[in-house]
Amino acid sequence: MATLSRQEFFRQLTQGCIYPTAQQGLEQVWQLLLVCLGCRVVWRLGLPPWVKHLGTIIGGFYCLHHFFQRQMVWVVLLSLMCYTVLFLSRHSQNKGVFLSVTVFIYLMLGEMHMVDTISWHKMRGAQMIVAMKAISLGFDLDQSTVGALPSPAEFMGYIYFVGTVIFGPWINYSSYLQSVEGRRMSLGWFCKVALSLLKSLLCLVVSTCVAPYLFPYFVPIFGDQPLKRWLRAYENAVSFHFSNYFVGFLSETTSTLAGTGFTQEKDHLKWDLEVSRPLKVELPRSMVEVVTNWNLPMSRWLNAYVFKSALTLGKFPAILVTYTASALLHGLSFHLGAVLLSLGFITYVEHVLRAKMAAILSACVLSKSCPATCSHRNKSNLTVHLINLLFVVLAIFHLTYLGSFFDIDVEEEVQEEGYGMSFTIQRWQELSWSGHWVTFTLWVVYRLLG
């Protein structure tokens with residue numbers, strides 16, 4: 001492509017990749033969108049609640065079969081196991097713990113024994129959503145946030161809620177019940193659906209067409225220089241990031257279309273569901289901000305049901321438990337586990353180092369932005385801006401390093417089965433284990449600061 005003129009390059013990119021990619025994306029999801037809209041319309045008819053729950057179960061089953069065919073039976077089996085555990089432990093105050101143990105055992109058995117790797121990985125997202133919904137419901141019942149054990153129809157309606165059953169995001173049980181009430185279909189609701197769908201397709205195009213081709217065309221580096229390896233790593237990371245944003249915005253679309261994802265102020269509904277914030281990931285203040293904004297609902301779930309429960313062990317152990325739980329939910333994949341556990345160390349070291357620097361300099365250089373009423377003397381001088389800018393660059397460096405092995409050019413079978421240990425280690429060796437050495441160096445600096 002580098003030999004083409006700029007006009008020819010963009011014409012071929014548009015006709016050969018952008019249009020076909022957007023078209024294929026719509027072809028893959030139009031039935032899901034139609035079912036979400038159908039359920040939304042049915043819920044406006046004032047039907048009995050049990051009919052509404054049954055309708056979303058049927059819609060969820062149809063979409064699961066459309067995407068996974070007969071393999072959907074493993075998702076159904078997980079949901080049945082979860083309700084059985086809830087029912088048997090209905091008089092216990094540890095329903096959330098029992099469900100967590102059951103879910104993780106099931107996921108590990110499925111990963112290792114019950115299903116072939118490729119089929120299991122295709123269902124990983126749907127399995128994860130079922131697991132998160134069931135576990136959150138168990139803890140909410142323990143804490144009396146949800147008053148009573150839902151009926152089988154209510155539970156399955158929540159689990160198979162058509163707006164979240166395929167791409168997510170996680171919603172709590174109360175949000176599901178509010179959506180089934182069938183709120184008015186307003187202009188704001190329609191605009192939110194249309195805008196999220198447009199953003200989703202745009203991110204799909206960037207992931208598939210722009211990231212893999214645009215950088216090599218404008219920065220043609222040949223050979224095996226370190227600069228080329230890092231540029232290639234950045235391409236892989238950007239492509240992977242935008243594939244995540246594609247799923248995030250698509251889940252916003254399906255959830256909103258089906259009638260959830262709003263906040264209510266008096267009589268005014270605001271359709272404001274957010275799953276990902278790309279700008280806060282690509283240009284982050286800190287890696288802590290990256291983790292939070294990568295998937296907002298999952299971040300809230302991990303904080304509410306894992307991190308807070310594990311805080312009795314101490315802050316650093318709680319962070320490790322949280323990232324371990326996230327890794328288990330994502331599957332027994334070495335590269336995902338390596339990334340998530342590395343993220344745990346990176347975010348912890350960055351957090352404690354910046355907290356120490358903020359205390360010593362009395363400056364607004366924390367991992368998260370200070371409120372306007374903070375007690376720091378130095379809020380926006382040159383030193384503060386330079387330190388914060390340094391950590392922005394450092395976060396982009398870590399994002400490139402951690403995303404370096406999400407390579408779209410490797411064989412499709414390797415992507416579907418998951419990148420193995422040797423592949424992951426090889427990619428990080430090519431980058432001289434820079435991210436881990438930088439993190440270790442920052443930890444030493446933190447310790448030296450006392």
# chains A, B, ... in the order shown; residues from 1 in each chain; ligands from 1
call {"tool": "residues_around", "arguments": {"residues": "Leu195 of chain A", "least_positions_apart": "5", "cutoff": "10 Å", "atoms": "only C-alpha atoms", "output": "PyMOL selection string"}}
result
chain A and resi 190+200+249+252-253
call {"tool": "closest_atom_pairs", "arguments": {"of": "segment 143-239 of chain A", "to": "segment 259-282 of chain A", "cutoff": "9 Å", "atoms": "only C-alpha atoms", "output": "tab-separated table"}}
result
residue	atom	partner	partner_atom	distance
A:Gly163	CA	A:Thr260	CA	7.9
A:Pro169	CA	A:Val275	CA	7.1
A:Ile171	CA	A:Gly261	CA	8.4
A:Ser175	CA	A:Thr260	CA	6.6
A:Tyr176	CA	A:Thr260	CA	6.9
A:Gln178	CA	A:Thr260	CA	7.3
A:Ser179	CA	A:Thr260	CA	4.9
A:Val180	CA	A:Gly259	CA	7.5
A:Glu181	CA	A:Gly259	CA	8.9
A:Gly182	CA	A:Gly259	CA	6.8
A:Arg183	CA	A:Gly259	CA	7.0
A:Arg184	CA	A:Leu269	CA	9.0
A:Met185	CA	A:Gly259	CA	8.5
A:Gly188	CA	A:Trp271	CA	6.8
A:Trp189	CA	A:Trp271	CA	6.0
A:Lys192	CA	A:Trp271	CA	6.7
A:Val238	CA	A:Glu282	CA	8.4
call {"tool": "write_last_selection", "arguments": {"atoms": "N, CA, C and O atoms", "output": "PDB file, in the first residue's frame"}}
result
ATOM      1  N   GLY A 163     -31.420  -7.386  25.945  1.00  0.00           N
ATOM      2  CA  GLY A 163     -30.531  -6.255  25.706  1.00  0.00           C
ATOM      3  C   GLY A 163     -29.100  -6.481  26.148  1.00  0.00           C
ATOM      4  O   GLY A 163     -28.196  -5.762  25.716  1.00  0.00           O
ATOM      5  N   PRO A 169     -23.991  -4.931  28.648  1.00  0.00           N
ATOM      6  CA  PRO A 169     -23.127  -5.005  29.824  1.00  0.00           C
ATOM      7  C   PRO A 169     -23.863  -5.622  31.010  1.00  0.00           C
ATOM      8  O   PRO A 169     -25.050  -5.934  30.920  1.00  0.00           O
ATOM      9  N   ILE A 171     -25.949  -5.472  34.214  1.00  0.00           N
ATOM     10  CA  ILE A 171     -26.877  -4.568  34.896  1.00  0.00           C
ATOM     11  C   ILE A 171     -27.358  -5.288  36.150  1.00  0.00           C
ATOM     12  O   ILE A 171     -27.364  -6.518  36.209  1.00  0.00           O
ATOM     13  N   SER A 175     -32.353  -2.719  37.836  1.00  0.00           N
ATOM     14  CA  SER A 175     -32.383  -2.083  36.512  1.00  0.00           C
ATOM     15  C   SER A 175     -33.202  -2.907  35.531  1.00  0.00           C
ATOM     16  O   SER A 175     -33.921  -2.362  34.689  1.00  0.00           O
ATOM     17  N   TYR A 176     -33.088  -4.238  35.642  1.00  0.00           N
ATOM     18  CA  TYR A 176     -33.886  -5.105  34.767  1.00  0.00           C
ATOM     19  C   TYR A 176     -35.377  -4.911  35.032  1.00  0.00           C
ATOM     20  O   TYR A 176     -36.180  -4.777  34.095  1.00  0.00           O
ATOM     21  N   GLN A 178     -36.889  -2.343  36.218  1.00  0.00           N
ATOM     22  CA  GLN A 178     -37.303  -1.034  35.711  1.00  0.00           C
ATOM     23  C   GLN A 178     -37.498  -1.059  34.204  1.00  0.00           C
ATOM     24  O   GLN A 178     -38.436  -0.444  33.668  1.00  0.00           O
ATOM     25  N   SER A 179     -36.632  -1.787  33.501  1.00  0.00           N
ATOM     26  CA  SER A 179     -36.750  -1.838  32.040  1.00  0.00           C
ATOM     27  C   SER A 179     -38.018  -2.566  31.612  1.00  0.00           C
ATOM     28  O   SER A 179     -38.644  -2.207  30.617  1.00  0.00           O
ATOM     29  N   VAL A 180     -38.405  -3.599  32.367  1.00  0.00           N
ATOM     30  CA  VAL A 180     -39.602  -4.367  32.014  1.00  0.00           C
ATOM     31  C   VAL A 180     -40.872  -3.540  32.200  1.00  0.00           C
ATOM     32  O   VAL A 180     -41.902  -3.832  31.593  1.00  0.00           O
ATOM     33  N   GLU A 181     -40.801  -2.494  33.013  1.00  0.00           N
ATOM     34  CA  GLU A 181     -41.970  -1.634  33.188  1.00  0.00           C
ATOM     35  C   GLU A 181     -42.374  -0.948  31.888  1.00  0.00           C
ATOM     36  O   GLU A 181     -43.522  -0.536  31.734  1.00  0.00           O
ATOM     37  N   GLY A 182     -41.431  -0.828  30.949  1.00  0.00           N
ATOM     38  CA  GLY A 182     -41.767  -0.272  29.639  1.00  0.00           C
ATOM     39  C   GLY A 182     -41.908   1.236  29.638  1.00  0.00           C
ATOM     40  O   GLY A 182     -43.022   1.763  29.496  1.00  0.00           O
ATOM     41  N   ARG A 183     -40.790   1.934  29.814  1.00  0.00           N
ATOM     42  CA  ARG A 183     -40.827   3.404  29.820  1.00  0.00           C
ATOM     43  C   ARG A 183     -41.113   3.948  28.418  1.00  0.00           C
ATOM     44  O   ARG A 183     -40.948   3.272  27.417  1.00  0.00           O
ATOM     45  N   ARG A 184     -41.522   5.205  28.387  1.00  0.00           N
ATOM     46  CA  ARG A 184     -41.930   5.835  27.131  1.00  0.00           C
ATOM     47  C   ARG A 184     -40.787   5.863  26.124  1.00  0.00           C
ATOM     48  O   ARG A 184     -39.635   6.103  26.476  1.00  0.00           O
ATOM     49  N   MET A 185     -41.132   5.624  24.861  1.00  0.00           N
ATOM     50  CA  MET A 185     -40.136   5.647  23.771  1.00  0.00           C
ATOM     51  C   MET A 185     -40.019   7.079  23.263  1.00  0.00           C
ATOM     52  O   MET A 185     -40.817   7.534  22.443  1.00  0.00           O
ATOM     53  N   GLY A 188     -35.179  11.282  22.921  1.00  0.00           N
ATOM     54  CA  GLY A 188     -33.879  11.101  23.569  1.00  0.00           C
ATOM     55  C   GLY A 188     -33.437   9.652  23.538  1.00  0.00           C
ATOM     56  O   GLY A 188     -32.255   9.356  23.337  1.00  0.00           O
ATOM     57  N   TRP A 189     -34.393   8.737  23.765  1.00  0.00           N
ATOM     58  CA  TRP A 189     -34.100   7.299  23.700  1.00  0.00           C
ATOM     59  C   TRP A 189     -33.641   6.912  22.296  1.00  0.00           C
ATOM     60  O   TRP A 189     -32.632   6.220  22.124  1.00  0.00           O
ATOM     61  N   LYS A 192     -30.121   8.276  21.519  1.00  0.00           N
ATOM     62  CA  LYS A 192     -29.082   7.519  22.223  1.00  0.00           C
ATOM     63  C   LYS A 192     -28.799   6.211  21.493  1.00  0.00           C
ATOM     64  O   LYS A 192     -27.627   5.829  21.304  1.00  0.00           O
ATOM     65  N   VAL A 238      -3.985  -0.458  19.647  1.00  0.00           N
ATOM     66  CA  VAL A 238      -5.098   0.391  19.196  1.00  0.00           C
ATOM     67  C   VAL A 238      -6.194  -0.448  18.561  1.00  0.00           C
ATOM     68  O   VAL A 238      -7.388  -0.232  18.801  1.00  0.00           O
TER      69      VAL A 238
END
call {"tool": "residues_around", "arguments": {"residues": "Gly125 of chain A", "least_positions_apart": "3", "cutoff": "9 Å", "atoms": "only C-alpha atoms", "output": "MDAnalysis selection string"}}
result
chainID A and resid 121:122 128:130 165:168 330
call {"tool": "select_by_dssp", "arguments": {"residues": "segment 156-353 of chain A", "states": "alpha helix (DSSP H)", "output": "PyMOL selection string"}}
result
chain A and resi 156-159+173-180+187-205+211-218+226-258+278-282+287-294+296-302+308-310+315-330+334-353
call {"tool": "residues_around", "arguments": {"residues": "Ser286 of chain A", "least_positions_apart": "2", "cutoff": "8 Å", "atoms": "only C-alpha atoms", "output": "list in words"}}
result
Pro284, Val288, Glu289, Val290, Glu350, Ser367, Lys368, Phe391, Val392 and Ala395 of chain A
call {"tool": "select_by_dssp", "arguments": {"residues": "segment 97-307 of chain A", "states": "strand (DSSP E or B)", "output": "list of chain:residue names"}}
result
A:Phe262, A:Thr263, A:Gln264, A:Glu265, A:His268, A:Leu269, A:Lys270, A:Trp271
call {"tool": "atom_distance", "arguments": {"atom1": "atom CA of Val205 of chain A", "atom2": "atom CA of Thr21 of chain A"}}
result
6.4 Å
call {"tool": "closest_residue", "arguments": {"among": "A:Arg124, A:Arg377, A:Lys52, A:Lys228", "to": "Ser333 of chain A", "atoms": "only C-alpha atoms"}}
result
A:Arg124
call {"tool": "atom_distance", "arguments": {"atom1": "atom CA of Pro297 of chain A", "atom2": "atom CA of Tyr245 of chain A"}}
result
13.4 Å
call {"tool": "closest_residue", "arguments": {"among": "A:Ile346, A:Leu402, A:Leu329, A:Cys191", "to": "Leu257 of chain A", "atoms": "only C-alpha atoms"}}
result
A:Cys191
call {"tool": "closest_residue", "arguments": {"among": "A:Lys133, A:Val384, A:Leu366, A:Phe406", "to": "Phe242 of chain A", "atoms": "only C-alpha atoms"}}
result
A:Phe406
call {"tool": "closest_residue", "arguments": {"among": "A:Gly403, A:Gly16, A:Gly138, A:Gly60", "to": "Val85 of chain A", "atoms": "only C-alpha atoms"}}
result
A:Gly138
call {"tool": "closest_residue", "arguments": {"among": "A:Arg90, A:Gln12, A:Gly110, A:Pro371", "to": "Gly147 of chain A", "atoms": "only C-alpha atoms"}}
result
A:Arg90
call {"tool": "closest_residue", "arguments": {"among": "A:Thr383, A:Met421, A:Ser309, A:Val393", "to": "Val339 of chain A", "atoms": "only C-alpha atoms"}}
result
A:Met421
call {"tool": "decode", "arguments": {"residues": "segment 135-168 of chain A", "atoms": "N, CA, C and O atoms", "output": "PDB file, in the first residue's frame"}}
result
ATOM      1  N   ILE A 135     -24.050 -13.682  40.488  1.00  0.00           N
ATOM      2  CA  ILE A 135     -23.273 -13.388  41.700  1.00  0.00           C
ATOM      3  C   ILE A 135     -23.752 -12.085  42.341  1.00  0.00           C
ATOM      4  O   ILE A 135     -23.921 -12.005  43.562  1.00  0.00           O
ATOM      5  N   SER A 136     -23.984 -11.059  41.522  1.00  0.00           N
ATOM      6  CA  SER A 136     -24.448  -9.780  42.079  1.00  0.00           C
ATOM      7  C   SER A 136     -25.813  -9.942  42.738  1.00  0.00           C
ATOM      8  O   SER A 136     -26.068  -9.354  43.799  1.00  0.00           O
ATOM      9  N   LEU A 137     -26.691 -10.743  42.129  1.00  0.00           N
ATOM     10  CA  LEU A 137     -28.003 -10.974  42.736  1.00  0.00           C
ATOM     11  C   LEU A 137     -27.860 -11.693  44.070  1.00  0.00           C
ATOM     12  O   LEU A 137     -28.561 -11.370  45.050  1.00  0.00           O
ATOM     13  N   GLY A 138     -26.950 -12.668  44.146  1.00  0.00           N
ATOM     14  CA  GLY A 138     -26.722 -13.367  45.401  1.00  0.00           C
ATOM     15  C   GLY A 138     -26.276 -12.436  46.513  1.00  0.00           C
ATOM     16  O   GLY A 138     -26.816 -12.471  47.639  1.00  0.00           O
ATOM     17  N   PHE A 139     -25.311 -11.557  46.226  1.00  0.00           N
ATOM     18  CA  PHE A 139     -24.845 -10.614  47.247  1.00  0.00           C
ATOM     19  C   PHE A 139     -25.925  -9.582  47.590  1.00  0.00           C
ATOM     20  O   PHE A 139     -26.051  -9.172  48.749  1.00  0.00           O
ATOM     21  N   ASP A 140     -26.707  -9.152  46.585  1.00  0.00           N
ATOM     22  CA  ASP A 140     -27.784  -8.192  46.854  1.00  0.00           C
ATOM     23  C   ASP A 140     -28.854  -8.807  47.746  1.00  0.00           C
ATOM     24  O   ASP A 140     -29.446  -8.118  48.587  1.00  0.00           O
ATOM     25  N   LEU A 141     -29.120 -10.101  47.576  1.00  0.00           N
ATOM     26  CA  LEU A 141     -30.063 -10.783  48.468  1.00  0.00           C
ATOM     27  C   LEU A 141     -29.498 -10.874  49.881  1.00  0.00           C
ATOM     28  O   LEU A 141     -30.225 -10.683  50.868  1.00  0.00           O
ATOM     29  N   ASP A 142     -28.198 -11.149  50.003  1.00  0.00           N
ATOM     30  CA  ASP A 142     -27.562 -11.209  51.323  1.00  0.00           C
ATOM     31  C   ASP A 142     -27.655  -9.877  52.050  1.00  0.00           C
ATOM     32  O   ASP A 142     -27.842  -9.829  53.269  1.00  0.00           O
ATOM     33  N   GLN A 143     -27.502  -8.783  51.291  1.00  0.00           N
ATOM     34  CA  GLN A 143     -27.485  -7.442  51.886  1.00  0.00           C
ATOM     35  C   GLN A 143     -28.868  -6.801  51.924  1.00  0.00           C
ATOM     36  O   GLN A 143     -29.005  -5.632  52.297  1.00  0.00           O
ATOM     37  N   SER A 144     -29.897  -7.581  51.498  1.00  0.00           N
ATOM     38  CA  SER A 144     -31.295  -7.114  51.469  1.00  0.00           C
ATOM     39  C   SER A 144     -31.518  -5.955  50.517  1.00  0.00           C
ATOM     40  O   SER A 144     -32.520  -5.232  50.638  1.00  0.00           O
ATOM     41  N   THR A 145     -30.581  -5.741  49.581  1.00  0.00           N
ATOM     42  CA  THR A 145     -30.815  -4.759  48.523  1.00  0.00           C
ATOM     43  C   THR A 145     -31.953  -5.232  47.625  1.00  0.00           C
ATOM     44  O   THR A 145     -32.735  -4.426  47.111  1.00  0.00           O
ATOM     45  N   VAL A 146     -32.026  -6.539  47.410  1.00  0.00           N
ATOM     46  CA  VAL A 146     -33.170  -7.183  46.767  1.00  0.00           C
ATOM     47  C   VAL A 146     -33.926  -7.908  47.869  1.00  0.00           C
ATOM     48  O   VAL A 146     -33.343  -8.702  48.622  1.00  0.00           O
ATOM     49  N   GLY A 147     -35.230  -7.643  47.969  1.00  0.00           N
ATOM     50  CA  GLY A 147     -35.988  -8.093  49.118  1.00  0.00           C
ATOM     51  C   GLY A 147     -36.190  -9.585  49.232  1.00  0.00           C
ATOM     52  O   GLY A 147     -36.099 -10.153  50.316  1.00  0.00           O
ATOM     53  N   ALA A 148     -36.507 -10.247  48.114  1.00  0.00           N
ATOM     54  CA  ALA A 148     -36.845 -11.672  48.181  1.00  0.00           C
ATOM     55  C   ALA A 148     -36.285 -12.381  46.961  1.00  0.00           C
ATOM     56  O   ALA A 148     -35.995 -11.760  45.930  1.00  0.00           O
ATOM     57  N   LEU A 149     -36.133 -13.703  47.107  1.00  0.00           N
ATOM     58  CA  LEU A 149     -35.639 -14.512  45.992  1.00  0.00           C
ATOM     59  C   LEU A 149     -36.592 -14.394  44.814  1.00  0.00           C
ATOM     60  O   LEU A 149     -37.799 -14.646  44.961  1.00  0.00           O
ATOM     61  N   PRO A 150     -36.113 -14.003  43.638  1.00  0.00           N
ATOM     62  CA  PRO A 150     -36.993 -13.904  42.466  1.00  0.00           C
ATOM     63  C   PRO A 150     -37.575 -15.265  42.095  1.00  0.00           C
ATOM     64  O   PRO A 150     -36.985 -16.313  42.376  1.00  0.00           O
ATOM     65  N   SER A 151     -38.716 -15.239  41.461  1.00  0.00           N
ATOM     66  CA  SER A 151     -39.300 -16.468  40.931  1.00  0.00           C
ATOM     67  C   SER A 151     -38.440 -16.960  39.774  1.00  0.00           C
ATOM     68  O   SER A 151     -37.616 -16.206  39.232  1.00  0.00           O
ATOM     69  N   PRO A 152     -38.601 -18.235  39.369  1.00  0.00           N
ATOM     70  CA  PRO A 152     -37.826 -18.715  38.219  1.00  0.00           C
ATOM     71  C   PRO A 152     -37.993 -17.847  36.978  1.00  0.00           C
ATOM     72  O   PRO A 152     -37.014 -17.589  36.263  1.00  0.00           O
ATOM     73  N   ALA A 153     -39.219 -17.375  36.710  1.00  0.00           N
ATOM     74  CA  ALA A 153     -39.447 -16.534  35.533  1.00  0.00           C
ATOM     75  C   ALA A 153     -38.714 -15.205  35.657  1.00  0.00           C
ATOM     76  O   ALA A 153     -38.112 -14.714  34.696  1.00  0.00           O
ATOM     77  N   GLU A 154     -38.746 -14.595  36.852  1.00  0.00           N
ATOM     78  CA  GLU A 154     -38.058 -13.322  37.061  1.00  0.00           C
ATOM     79  C   GLU A 154     -36.551 -13.495  36.947  1.00  0.00           C
ATOM     80  O   GLU A 154     -35.867 -12.667  36.330  1.00  0.00           O
ATOM     81  N   PHE A 155     -36.031 -14.563  37.554  1.00  0.00           N
ATOM     82  CA  PHE A 155     -34.589 -14.801  37.504  1.00  0.00           C
ATOM     83  C   PHE A 155     -34.124 -15.036  36.074  1.00  0.00           C
ATOM     84  O   PHE A 155     -33.139 -14.426  35.617  1.00  0.00           O
ATOM     85  N   MET A 156     -34.808 -15.919  35.355  1.00  0.00           N
ATOM     86  CA  MET A 156     -34.396 -16.215  33.983  1.00  0.00           C
ATOM     87  C   MET A 156     -34.609 -15.019  33.058  1.00  0.00           C
ATOM     88  O   MET A 156     -33.840 -14.808  32.116  1.00  0.00           O
ATOM     89  N   GLY A 157     -35.650 -14.238  33.327  1.00  0.00           N
ATOM     90  CA  GLY A 157     -35.844 -13.016  32.548  1.00  0.00           C
ATOM     91  C   GLY A 157     -34.673 -12.058  32.715  1.00  0.00           C
ATOM     92  O   GLY A 157     -34.200 -11.443  31.753  1.00  0.00           O
ATOM     93  N   TYR A 158     -34.190 -11.937  33.954  1.00  0.00           N
ATOM     94  CA  TYR A 158     -33.014 -11.100  34.238  1.00  0.00           C
ATOM     95  C   TYR A 158     -31.770 -11.654  33.554  1.00  0.00           C
ATOM     96  O   TYR A 158     -31.022 -10.917  32.895  1.00  0.00           O
ATOM     97  N   ILE A 159     -31.534 -12.949  33.686  1.00  0.00           N
ATOM     98  CA  ILE A 159     -30.350 -13.573  33.102  1.00  0.00           C
ATOM     99  C   ILE A 159     -30.362 -13.465  31.582  1.00  0.00           C
ATOM    100  O   ILE A 159     -29.335 -13.151  30.959  1.00  0.00           O
ATOM    101  N   TYR A 160     -31.528 -13.705  30.964  1.00  0.00           N
ATOM    102  CA  TYR A 160     -31.614 -13.729  29.497  1.00  0.00           C
ATOM    103  C   TYR A 160     -32.176 -12.429  28.923  1.00  0.00           C
ATOM    104  O   TYR A 160     -32.649 -12.422  27.788  1.00  0.00           O
ATOM    105  N   PHE A 161     -32.122 -11.360  29.715  1.00  0.00           N
ATOM    106  CA  PHE A 161     -32.587 -10.065  29.221  1.00  0.00           C
ATOM    107  C   PHE A 161     -31.950  -9.772  27.870  1.00  0.00           C
ATOM    108  O   PHE A 161     -30.725  -9.709  27.734  1.00  0.00           O
ATOM    109  N   VAL A 162     -32.766  -9.605  26.866  1.00  0.00           N
ATOM    110  CA  VAL A 162     -32.279  -9.612  25.482  1.00  0.00           C
ATOM    111  C   VAL A 162     -31.309  -8.474  25.199  1.00  0.00           C
ATOM    112  O   VAL A 162     -30.435  -8.588  24.330  1.00  0.00           O
ATOM    113  N   GLY A 163     -31.420  -7.386  25.945  1.00  0.00           N
ATOM    114  CA  GLY A 163     -30.531  -6.255  25.706  1.00  0.00           C
ATOM    115  C   GLY A 163     -29.100  -6.481  26.148  1.00  0.00           C
ATOM    116  O   GLY A 163     -28.196  -5.762  25.716  1.00  0.00           O
ATOM    117  N   THR A 164     -28.886  -7.490  27.017  1.00  0.00           N
ATOM    118  CA  THR A 164     -27.539  -7.709  27.557  1.00  0.00           C
ATOM    119  C   THR A 164     -27.036  -9.136  27.395  1.00  0.00           C
ATOM    120  O   THR A 164     -25.892  -9.415  27.741  1.00  0.00           O
ATOM    121  N   VAL A 165     -27.856 -10.039  26.896  1.00  0.00           N
ATOM    122  CA  VAL A 165     -27.517 -11.459  26.931  1.00  0.00           C
ATOM    123  C   VAL A 165     -26.325 -11.820  26.047  1.00  0.00           C
ATOM    124  O   VAL A 165     -25.593 -12.766  26.345  1.00  0.00           O
ATOM    125  N   ILE A 166     -26.077 -11.068  24.987  1.00  0.00           N
ATOM    126  CA  ILE A 166     -24.986 -11.400  24.061  1.00  0.00           C
ATOM    127  C   ILE A 166     -23.740 -10.568  24.346  1.00  0.00           C
ATOM    128  O   ILE A 166     -22.656 -11.097  24.596  1.00  0.00           O
ATOM    129  N   PHE A 167     -23.863  -9.268  24.322  1.00  0.00           N
ATOM    130  CA  PHE A 167     -22.700  -8.382  24.434  1.00  0.00           C
ATOM    131  C   PHE A 167     -22.596  -7.677  25.783  1.00  0.00           C
ATOM    132  O   PHE A 167     -21.651  -6.922  26.011  1.00  0.00           O
ATOM    133  N   GLY A 168     -23.546  -7.935  26.683  1.00  0.00           N
ATOM    134  CA  GLY A 168     -23.559  -7.220  27.942  1.00  0.00           C
ATOM    135  C   GLY A 168     -24.222  -5.866  27.738  1.00  0.00           C
ATOM    136  O   GLY A 168     -24.961  -5.666  26.774  1.00  0.00           O
TER     137      GLY A 168
END
